[in-house]
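The structure appears below as structure tokens.
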Amino acid sequence: MKTKIIGHRGGATGYPENTLIAFRKAVELGADGVEFDVQLTKDGEVVVIHDEFIDRTMNGSGLVKNHTLKELKEMNVGEFFSSDFKEEKIPTLKEVLEIVKGLEIINIELKNYLSYPKLEEKVLKLVDQFKIRDKVIISSFNHYSLEKVKKLQPAAKTGALLMSKMINPSDYVFKRGFNSLHMHFLTFDQKIIEKSHFMGIETCAYTVNYPSAAADLLKNGIDMIITDDIEMVQKVREKNDII
């Protein structure tokens with residue numbers, strides 16, 4: 001199977017993360033998929049943003065969950081990156097899905113270290129409204145949340161995010177009933193990839209921004225590469241296909 005290239009928070013170089021313009025560009029570039037983060041606003045709306053605090057990427061302050069959607073929409077999410085993007089507003093999950101629904105893979109990361117009641121239910125409901133369940137991978141570092149997703153919807157695809165170089169990560173993912181193993185690219189090796197495949201588990205490396213790292217992962221048969229530079233990994237994949 002050909003390795004899939006997934007745009008990290010959009011993954012289009014030169015565009016601010018988790019913005020509608022970045023997702024449109026990812027589609028234009030021919031990415032196989034996109035990855036992005038979701039949280040809940042004070043009034044329970046699902047929005048796409050990475051940090052729990054809005055201070056880094058928005059012209060405001062405080063936690064996402066302490067602002068209503070209306071309040072957040074009055075701010076911008078692009079000016080931190082460049083004044084060219086000062087008109088960009090925080091996107092809702094629905095707005096992003098409208099743009100990326102045609103892609104092969106849509107990786108929705110549940111950013112729920114904080115308490116977000118019903119986040120899983122709301123995300124799954126929107127996914128079903130768009131009829132894209134077969135394309136969506138629900139990932140999280142919060143594996144209790146992934147267990148909840150599986151209880152709510154056993155057929156949902158789940159990706160366990162891991163940071164450390166864990167002993168037997170494939171065994172862990174298999175025993176928990178998750179579908180894919182998502183690890184930092186430096187913690188993957190050929191043995192882990194091969195064992196995962198043997199156990200029917202897909203493998204996904206994040207965040208791959210170096211050509212040499214992408215080449216090694218492609219050579220070792222990784223299923224998915226999450227990157228901030230879609231075009232770079234596309235070029236490496238093309239070269240790898242020729243070889």
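How things are named: the first chain in the structure tokens is A, the next is B, and so on; residues count from 1 in each chain; ligands count from 1 in the order shown.
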
Next item on the list: Name the residues in contact with Pro91 in chain A at a cut-off of 8 Å, using only C-alpha atoms, excluding same-chain residues fewer than 4 positions from it; report them as a list in words.
Entry: Asn18, Thr19, Leu20, Val47, Val48, Ile49, Glu95 and Val96 of chain A

Those same residues - C-alpha atoms - I'd like them written as a compact mmCIF listing (two decimals), in the first residue's frame.
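Saved to part-v5.txt:
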# COMPACT_ATOMS: atom_id res chain seq x y z
CA ASN A 18 -5.60 24.90 11.66
CA THR A 19 -7.13 27.57 9.41
CA LEU A 20 -9.59 27.18 6.57
CA VAL A 47 -13.80 24.09 17.08
CA VAL A 48 -10.48 23.33 15.41
CA ILE A 49 -7.51 24.63 17.41
CA GLU A 95 -16.49 24.18 8.41
CA VAL A 96 -13.32 22.12 8.11

Checklist line | range 28-216 of chain A: residues DSSP assigns to strand (DSSP E or B), reported as a VMD selection string | finding: chain A and resid 33 to 40 46 to 48 53 63 92 105 to 110 136 to 140 157 to 162 180 to 184 202 to 206

Go ahead and save the residues from that selection, with N, CA and C atoms, as a CSV table (one decimal), in the first residue's frame.
chain,number,residue,atom,x,y,z
A,33,GLY,N,-4.5,13.3,3.0
A,33,GLY,CA,-5.4,13.6,4.1
A,33,GLY,C,-4.9,14.8,4.9
A,34,VAL,N,-5.6,15.1,6.0
A,34,VAL,CA,-5.2,16.2,6.9
A,34,VAL,C,-5.4,15.7,8.3
A,35,GLU,N,-4.7,16.3,9.2
A,35,GLU,CA,-4.8,16.0,10.7
A,35,GLU,C,-5.0,17.4,11.3
A,36,PHE,N,-6.0,17.4,12.3
A,36,PHE,CA,-6.2,18.6,13.0
A,36,PHE,C,-6.8,18.3,14.4
A,37,ASP,N,-6.8,19.3,15.3
A,37,ASP,CA,-7.2,19.2,16.7
A,37,ASP,C,-8.6,19.8,16.9
A,38,VAL,N,-9.3,19.2,17.8
A,38,VAL,CA,-10.7,19.7,18.2
A,38,VAL,C,-10.8,19.9,19.7
A,39,GLN,N,-11.5,21.0,20.0
A,39,GLN,CA,-11.9,21.3,21.4
A,39,GLN,C,-13.3,21.8,21.5
A,40,LEU,N,-13.8,22.0,22.7
A,40,LEU,CA,-15.2,22.6,22.8
A,40,LEU,C,-15.1,24.0,23.4
A,46,VAL,N,-17.9,22.5,18.6
A,46,VAL,CA,-16.6,21.9,18.3
A,46,VAL,C,-15.8,22.8,17.4
A,47,VAL,N,-14.7,23.2,17.9
A,47,VAL,CA,-13.8,24.1,17.1
A,47,VAL,C,-12.4,23.4,16.8
A,48,VAL,N,-11.8,23.9,15.8
A,48,VAL,CA,-10.5,23.3,15.4
A,48,VAL,C,-9.4,24.3,15.9
A,53,PHE,N,-5.0,27.0,25.5
A,53,PHE,CA,-5.0,28.4,25.6
A,53,PHE,C,-5.0,29.1,24.2
A,63,LEU,N,-8.5,30.3,28.1
A,63,LEU,CA,-8.8,28.9,27.6
A,63,LEU,C,-9.9,29.0,26.6
A,92,THR,N,-14.9,26.0,12.8
A,92,THR,CA,-15.6,24.9,13.5
A,92,THR,C,-15.3,23.6,12.8
A,105,ILE,N,-8.1,10.5,3.9
A,105,ILE,CA,-8.0,10.3,5.4
A,105,ILE,C,-8.2,11.6,6.1
A,106,ILE,N,-9.0,11.6,7.1
A,106,ILE,CA,-9.3,12.8,8.0
A,106,ILE,C,-9.0,12.4,9.4
A,107,ASN,N,-7.9,12.8,9.9
A,107,ASN,CA,-7.4,12.5,11.3
A,107,ASN,C,-7.8,13.6,12.2
A,108,ILE,N,-8.8,13.3,13.0
A,108,ILE,CA,-9.3,14.2,14.0
A,108,ILE,C,-8.8,13.9,15.4
A,109,GLU,N,-7.9,14.8,15.9
A,109,GLU,CA,-7.3,14.6,17.2
A,109,GLU,C,-8.2,15.2,18.3
A,110,LEU,N,-8.6,14.4,19.2
A,110,LEU,CA,-9.4,14.9,20.4
A,110,LEU,C,-8.4,15.5,21.4
A,136,VAL,N,-12.4,8.7,8.5
A,136,VAL,CA,-12.0,9.4,9.7
A,136,VAL,C,-11.3,8.4,10.6
A,137,ILE,N,-10.1,9.0,11.2
A,137,ILE,CA,-9.4,8.3,12.3
A,137,ILE,C,-9.5,9.3,13.4
A,138,ILE,N,-10.1,8.8,14.6
A,138,ILE,CA,-10.1,9.6,15.8
A,138,ILE,C,-8.9,9.3,16.6
A,139,SER,N,-8.0,10.2,16.8
A,139,SER,CA,-6.8,10.0,17.6
A,139,SER,C,-6.8,10.8,18.8
A,140,SER,N,-6.0,10.4,19.8
A,140,SER,CA,-5.8,11.2,21.0
A,140,SER,C,-4.7,10.7,21.9
A,157,LYS,N,-12.7,4.2,13.6
A,157,LYS,CA,-11.3,4.0,13.6
A,157,LYS,C,-10.6,4.9,14.6
A,158,THR,N,-9.8,4.3,15.4
A,158,THR,CA,-9.1,5.0,16.5
A,158,THR,C,-7.6,4.9,16.4
A,159,GLY,N,-6.9,6.0,16.6
A,159,GLY,CA,-5.5,6.0,16.6
A,159,GLY,C,-4.9,6.4,17.9
A,160,ALA,N,-4.1,5.5,18.5
A,160,ALA,CA,-3.5,5.8,19.8
A,160,ALA,C,-2.2,6.6,19.6
A,161,LEU,N,-2.2,7.8,20.1
A,161,LEU,CA,-1.0,8.7,20.1
A,161,LEU,C,-0.1,8.4,21.3
A,162,LEU,N,1.2,8.2,20.9
A,162,LEU,CA,2.2,7.9,22.0
A,162,LEU,C,3.3,8.9,21.8
A,180,SER,N,-4.9,2.0,15.0
A,180,SER,CA,-3.6,2.5,14.4
A,180,SER,C,-2.8,3.0,15.5
A,181,LEU,N,-1.5,2.9,15.3
A,181,LEU,CA,-0.4,3.4,16.2
A,181,LEU,C,0.2,4.6,15.7
A,182,HIS,N,0.1,5.7,16.4
A,182,HIS,CA,0.6,7.0,16.0
A,182,HIS,C,1.7,7.4,17.0
A,183,MET,N,2.9,7.4,16.4
A,183,MET,CA,4.1,7.7,17.3
A,183,MET,C,5.0,8.8,16.6
A,184,HIS,N,5.8,9.5,17.5
A,184,HIS,CA,6.8,10.4,17.0
A,184,HIS,C,7.7,9.7,16.0
A,202,GLU,N,-2.5,-0.3,11.7
A,202,GLU,CA,-1.8,0.7,10.8
A,202,GLU,C,-0.8,1.5,11.6
A,203,THR,N,0.2,2.1,10.9
A,203,THR,CA,1.2,2.9,11.5
A,203,THR,C,1.2,4.3,11.0
A,204,CYS,N,1.4,5.2,11.9
A,204,CYS,CA,1.4,6.7,11.5
A,204,CYS,C,2.5,7.4,12.2
A,205,ALA,N,3.4,8.1,11.5
A,205,ALA,CA,4.5,8.8,12.1
A,205,ALA,C,4.2,10.3,12.1
A,206,TYR,N,4.4,10.9,13.2
A,206,TYR,CA,4.3,12.4,13.3
A,206,TYR,C,5.6,13.0,13.8

Residues within 8 Å of range 70-80 of chain A, only C-alpha atoms, excluding chain neighbours under 5 positions, as a PDB file with all heavy atoms, in the first residue's frame:
ATOM      1  N   PRO A  16      -1.000  29.581   8.085  1.00  0.00           N
ATOM      2  CA  PRO A  16      -1.155  29.378   9.528  1.00  0.00           C
ATOM      3  C   PRO A  16      -1.911  28.086   9.847  1.00  0.00           C
ATOM      4  O   PRO A  16      -2.847  27.709   9.147  1.00  0.00           O
ATOM      5  CB  PRO A  16      -1.943  30.615   9.986  1.00  0.00           C
ATOM      6  CG  PRO A  16      -2.643  31.104   8.752  1.00  0.00           C
ATOM      7  CD  PRO A  16      -1.748  30.764   7.605  1.00  0.00           C
ATOM      8  N   THR A  19      -6.282  26.518   9.988  1.00  0.00           N
ATOM      9  CA  THR A  19      -7.132  27.569   9.412  1.00  0.00           C
ATOM     10  C   THR A  19      -7.773  27.040   8.133  1.00  0.00           C
ATOM     11  O   THR A  19      -7.241  26.134   7.477  1.00  0.00           O
ATOM     12  CB  THR A  19      -6.316  28.832   9.087  1.00  0.00           C
ATOM     13  OG1 THR A  19      -5.228  28.486   8.215  1.00  0.00           O
ATOM     14  CG2 THR A  19      -5.767  29.476  10.343  1.00  0.00           C
ATOM     15  N   ARG A  56      -1.398  31.856  22.001  1.00  0.00           N
ATOM     16  CA  ARG A  56      -0.339  31.727  20.996  1.00  0.00           C
ATOM     17  C   ARG A  56      -0.814  32.048  19.586  1.00  0.00           C
ATOM     18  O   ARG A  56      -0.101  32.700  18.824  1.00  0.00           O
ATOM     19  CB  ARG A  56       0.261  30.305  21.021  1.00  0.00           C
ATOM     20  CG  ARG A  56       1.369  30.087  19.987  1.00  0.00           C
ATOM     21  CD  ARG A  56       1.988  28.705  20.114  1.00  0.00           C
ATOM     22  NE  ARG A  56       1.063  27.647  19.781  1.00  0.00           N
ATOM     23  CZ  ARG A  56       0.885  27.165  18.544  1.00  0.00           C
ATOM     24  NH1 ARG A  56       1.556  27.671  17.524  1.00  0.00           N
ATOM     25  NH2 ARG A  56       0.019  26.185  18.334  1.00  0.00           N
ATOM     26  N   THR A  57      -1.991  31.590  19.234  1.00  0.00           N
ATOM     27  CA  THR A  57      -2.426  31.701  17.839  1.00  0.00           C
ATOM     28  C   THR A  57      -3.561  32.687  17.603  1.00  0.00           C
ATOM     29  O   THR A  57      -3.937  32.926  16.454  1.00  0.00           O
ATOM     30  CB  THR A  57      -2.876  30.322  17.311  1.00  0.00           C
ATOM     31  OG1 THR A  57      -3.936  29.819  18.140  1.00  0.00           O
ATOM     32  CG2 THR A  57      -1.724  29.343  17.303  1.00  0.00           C
ATOM     33  N   MET A  58      -4.113  33.256  18.675  1.00  0.00           N
ATOM     34  CA  MET A  58      -5.237  34.187  18.505  1.00  0.00           C
ATOM     35  C   MET A  58      -4.927  35.511  19.197  1.00  0.00           C
ATOM     36  O   MET A  58      -4.097  35.569  20.103  1.00  0.00           O
ATOM     37  CB  MET A  58      -6.531  33.572  19.063  1.00  0.00           C
ATOM     38  CG  MET A  58      -6.923  32.271  18.381  1.00  0.00           C
ATOM     39  SD  MET A  58      -8.466  31.559  19.013  1.00  0.00           S
ATOM     40  CE  MET A  58      -9.665  32.738  18.398  1.00  0.00           C
ATOM     41  N   ASN A  59      -5.593  36.551  18.779  1.00  0.00           N
ATOM     42  CA  ASN A  59      -5.399  37.850  19.416  1.00  0.00           C
ATOM     43  C   ASN A  59      -6.350  38.013  20.598  1.00  0.00           C
ATOM     44  O   ASN A  59      -7.177  38.914  20.670  1.00  0.00           O
ATOM     45  CB  ASN A  59      -5.562  38.996  18.407  1.00  0.00           C
ATOM     46  CG  ASN A  59      -6.936  39.014  17.754  1.00  0.00           C
ATOM     47  OD1 ASN A  59      -7.571  37.977  17.602  1.00  0.00           O
ATOM     48  ND2 ASN A  59      -7.403  40.193  17.366  1.00  0.00           N
ATOM     49  N   GLY A  60      -6.205  37.068  21.525  1.00  0.00           N
ATOM     50  CA  GLY A  60      -7.011  37.047  22.735  1.00  0.00           C
ATOM     51  C   GLY A  60      -6.252  36.296  23.810  1.00  0.00           C
ATOM     52  O   GLY A  60      -5.072  35.969  23.639  1.00  0.00           O
ATOM     53  N   PHE A  85      -2.863  37.125   6.943  1.00  0.00           N
ATOM     54  CA  PHE A  85      -3.933  36.194   7.313  1.00  0.00           C
ATOM     55  C   PHE A  85      -4.778  36.699   8.479  1.00  0.00           C
ATOM     56  O   PHE A  85      -5.432  35.914   9.162  1.00  0.00           O
ATOM     57  CB  PHE A  85      -3.319  34.831   7.668  1.00  0.00           C
ATOM     58  CG  PHE A  85      -2.506  34.214   6.574  1.00  0.00           C
ATOM     59  CD1 PHE A  85      -1.124  34.205   6.645  1.00  0.00           C
ATOM     60  CD2 PHE A  85      -3.112  33.674   5.453  1.00  0.00           C
ATOM     61  CE1 PHE A  85      -0.360  33.643   5.631  1.00  0.00           C
ATOM     62  CE2 PHE A  85      -2.362  33.105   4.434  1.00  0.00           C
ATOM     63  CZ  PHE A  85      -0.979  33.094   4.515  1.00  0.00           C
ATOM     64  N   LYS A  86      -4.804  38.007   8.680  1.00  0.00           N
ATOM     65  CA  LYS A  86      -5.515  38.556   9.838  1.00  0.00           C
ATOM     66  C   LYS A  86      -7.025  38.415   9.738  1.00  0.00           C
ATOM     67  O   LYS A  86      -7.736  38.618  10.729  1.00  0.00           O
ATOM     68  CB  LYS A  86      -5.128  40.015  10.054  1.00  0.00           C
ATOM     69  CG  LYS A  86      -5.496  40.960   8.924  1.00  0.00           C
ATOM     70  CD  LYS A  86      -4.997  42.365   9.229  1.00  0.00           C
ATOM     71  CE  LYS A  86      -5.338  43.329   8.098  1.00  0.00           C
ATOM     72  NZ  LYS A  86      -4.824  44.687   8.392  1.00  0.00           N
ATOM     73  N   GLU A  87      -7.528  38.061   8.571  1.00  0.00           N
ATOM     74  CA  GLU A  87      -8.983  37.868   8.415  1.00  0.00           C
ATOM     75  C   GLU A  87      -9.419  36.439   8.737  1.00  0.00           C
ATOM     76  O   GLU A  87     -10.615  36.148   8.767  1.00  0.00           O
ATOM     77  CB  GLU A  87      -9.408  38.229   6.986  1.00  0.00           C
ATOM     78  CG  GLU A  87      -9.129  39.677   6.584  1.00  0.00           C
ATOM     79  CD  GLU A  87      -9.769  40.686   7.507  1.00  0.00           C
ATOM     80  OE1 GLU A  87     -10.939  40.469   7.902  1.00  0.00           O
ATOM     81  OE2 GLU A  87      -9.099  41.673   7.860  1.00  0.00           O
ATOM     82  N   GLU A  88      -8.470  35.552   8.976  1.00  0.00           N
ATOM     83  CA  GLU A  88      -8.820  34.160   9.271  1.00  0.00           C
ATOM     84  C   GLU A  88      -9.440  34.036  10.661  1.00  0.00           C
ATOM     85  O   GLU A  88      -8.911  34.575  11.637  1.00  0.00           O
ATOM     86  CB  GLU A  88      -7.581  33.263   9.183  1.00  0.00           C
ATOM     87  CG  GLU A  88      -7.103  32.990   7.778  1.00  0.00           C
ATOM     88  CD  GLU A  88      -8.108  32.194   6.954  1.00  0.00           C
ATOM     89  OE1 GLU A  88      -8.566  31.136   7.437  1.00  0.00           O
ATOM     90  OE2 GLU A  88      -8.420  32.616   5.830  1.00  0.00           O
ATOM     91  N   LYS A  89     -10.540  33.303  10.734  1.00  0.00           N
ATOM     92  CA  LYS A  89     -11.246  33.092  11.990  1.00  0.00           C
ATOM     93  C   LYS A  89     -11.128  31.630  12.422  1.00  0.00           C
ATOM     94  O   LYS A  89     -10.903  30.742  11.602  1.00  0.00           O
ATOM     95  CB  LYS A  89     -12.721  33.449  11.843  1.00  0.00           C
ATOM     96  CG  LYS A  89     -12.973  34.876  11.352  1.00  0.00           C
ATOM     97  CD  LYS A  89     -12.457  35.914  12.338  1.00  0.00           C
ATOM     98  CE  LYS A  89     -12.772  37.321  11.869  1.00  0.00           C
ATOM     99  NZ  LYS A  89     -12.229  38.351  12.811  1.00  0.00           N
ATOM    100  N   ILE A  90     -11.319  31.389  13.707  1.00  0.00           N
ATOM    101  CA  ILE A  90     -11.262  30.017  14.197  1.00  0.00           C
ATOM    102  C   ILE A  90     -12.339  29.187  13.497  1.00  0.00           C
ATOM    103  O   ILE A  90     -13.505  29.586  13.439  1.00  0.00           O
ATOM    104  CB  ILE A  90     -11.433  29.963  15.732  1.00  0.00           C
ATOM    105  CG1 ILE A  90     -11.156  28.543  16.261  1.00  0.00           C
ATOM    106  CG2 ILE A  90     -12.802  30.458  16.162  1.00  0.00           C
ATOM    107  CD1 ILE A  90     -11.094  28.475  17.780  1.00  0.00           C
TER     108      ILE A  90
END

Next item on the list: Would you please give, as a ChimeraX atom specification, all residues of range 67-215 of chain A that DSSP assigns to helix (DSSP H, G or I) based on the backbone?
Entry: /A:69-73,83-85,93-100,119-129,143-152,169-176,185-187,190-198,211-215

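In this comparison, which uses only C-alpha atoms, the residue of A:Val64, A:Met224, A:Ala26, A:Val149 approaching Met1 in chain A most closely is A:Met224.
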
Notebook entry, point to check: Taking into account only C-alpha atoms, which residue in the set A:Phe188, A:Phe130, A:Tyr210, A:Tyr116 is nearest to Ile167 in chain A?
Noted result: A:Phe188

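Among the candidates A:Thr68, A:Pro117, A:Arg237, A:Lys25, the residue lying nearest to Lys42 in chain A is A:Thr68 (atoms considered: only C-alpha atoms).
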
Margin query: When you look at Ile230 in chain A with a cut-off of 6 Å (counting only C-alpha atoms), what residues show up, excluding the ones that are within fewer than 2 positions of it in the same chain? I need them as a PyMOL selection string.
Written below: chain A and resi 7+11+232-233

File dump, residues just selected, N, CA and C atoms, as a PDB file, in the first residue's frame:
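Output (result04.pdb):
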ATOM      1  N   GLY A   7      -1.458  16.174   6.024  1.00  0.00           N
ATOM      2  CA  GLY A   7      -1.068  17.520   6.402  1.00  0.00           C
ATOM      3  C   GLY A   7      -1.342  17.810   7.870  1.00  0.00           C
ATOM      4  N   GLY A  11      -0.872  21.478   7.157  1.00  0.00           N
ATOM      5  CA  GLY A  11       0.368  20.989   6.550  1.00  0.00           C
ATOM      6  C   GLY A  11       0.828  21.707   5.300  1.00  0.00           C
ATOM      7  N   MET A 232       7.145  18.656   0.389  1.00  0.00           N
ATOM      8  CA  MET A 232       8.438  18.004   0.602  1.00  0.00           C
ATOM      9  C   MET A 232       8.280  16.485   0.636  1.00  0.00           C
ATOM     10  N   VAL A 233       7.316  16.000   1.401  1.00  0.00           N
ATOM     11  CA  VAL A 233       7.134  14.546   1.518  1.00  0.00           C
ATOM     12  C   VAL A 233       6.639  13.964   0.195  1.00  0.00           C
TER      13      VAL A 233
END

Item checked: Which of A:Asp32, A:Glu120, A:Asp229, A:Asp189 sits closest to Ala156 in chain A [using only C-alpha atoms] ->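 Smallest separation from Ala156 in chain A among the options: A:Glu120.
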
Next item on the list: Excluding Asn142 in chain A and residues on its chain fewer than 3 positions from it, collect all residues at most 7 Å away from it, counting only C-alpha atoms, and give them as a VMD selection string.
Entry: chain A and resid 112 to 113 145 to 146

For the selection you just gave me, I'd like the residues written to a file as a PDB file, in the first residue's frame, keeping N, CA, C and O atoms.
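See out-v2.pdb below for the written result:
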ATOM      1  N   ASN A 112      -8.266  16.669  24.501  1.00  0.00           N
ATOM      2  CA  ASN A 112      -9.126  16.681  25.679  1.00  0.00           C
ATOM      3  C   ASN A 112      -8.396  16.302  26.963  1.00  0.00           C
ATOM      4  O   ASN A 112      -8.812  15.426  27.703  1.00  0.00           O
ATOM      5  N   TYR A 113      -7.294  17.000  27.215  1.00  0.00           N
ATOM      6  CA  TYR A 113      -6.661  16.866  28.523  1.00  0.00           C
ATOM      7  C   TYR A 113      -7.556  17.519  29.578  1.00  0.00           C
ATOM      8  O   TYR A 113      -7.627  17.085  30.716  1.00  0.00           O
ATOM      9  N   SER A 145     -10.340   8.475  26.333  1.00  0.00           N
ATOM     10  CA  SER A 145     -11.256   9.066  25.353  1.00  0.00           C
ATOM     11  C   SER A 145     -11.448   8.139  24.161  1.00  0.00           C
ATOM     12  O   SER A 145     -12.558   7.986  23.641  1.00  0.00           O
ATOM     13  N   LEU A 146     -10.366   7.500  23.735  1.00  0.00           N
ATOM     14  CA  LEU A 146     -10.466   6.548  22.619  1.00  0.00           C
ATOM     15  C   LEU A 146     -11.311   5.337  23.014  1.00  0.00           C
ATOM     16  O   LEU A 146     -12.079   4.817  22.189  1.00  0.00           O
TER      17      LEU A 146
END

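CA of Lys175 in chain A lies 22.7 Å from CA of Arg133 in chain A.
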
Next item on the list: Could you check which of A:Lys165, A:Asp134, A:Leu124, A:Leu97 is closest to Lys150 in chain A, using only C-alpha atoms?
Entry: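 The closest residue to Lys150 in chain A is A:Leu124.
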
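The nearest approach to Ser212 in chain A among the residues A:Glu104, A:Lys122, A:Lys235, A:Thr187, with only C-alpha atoms taken into account, belongs to A:Lys235.
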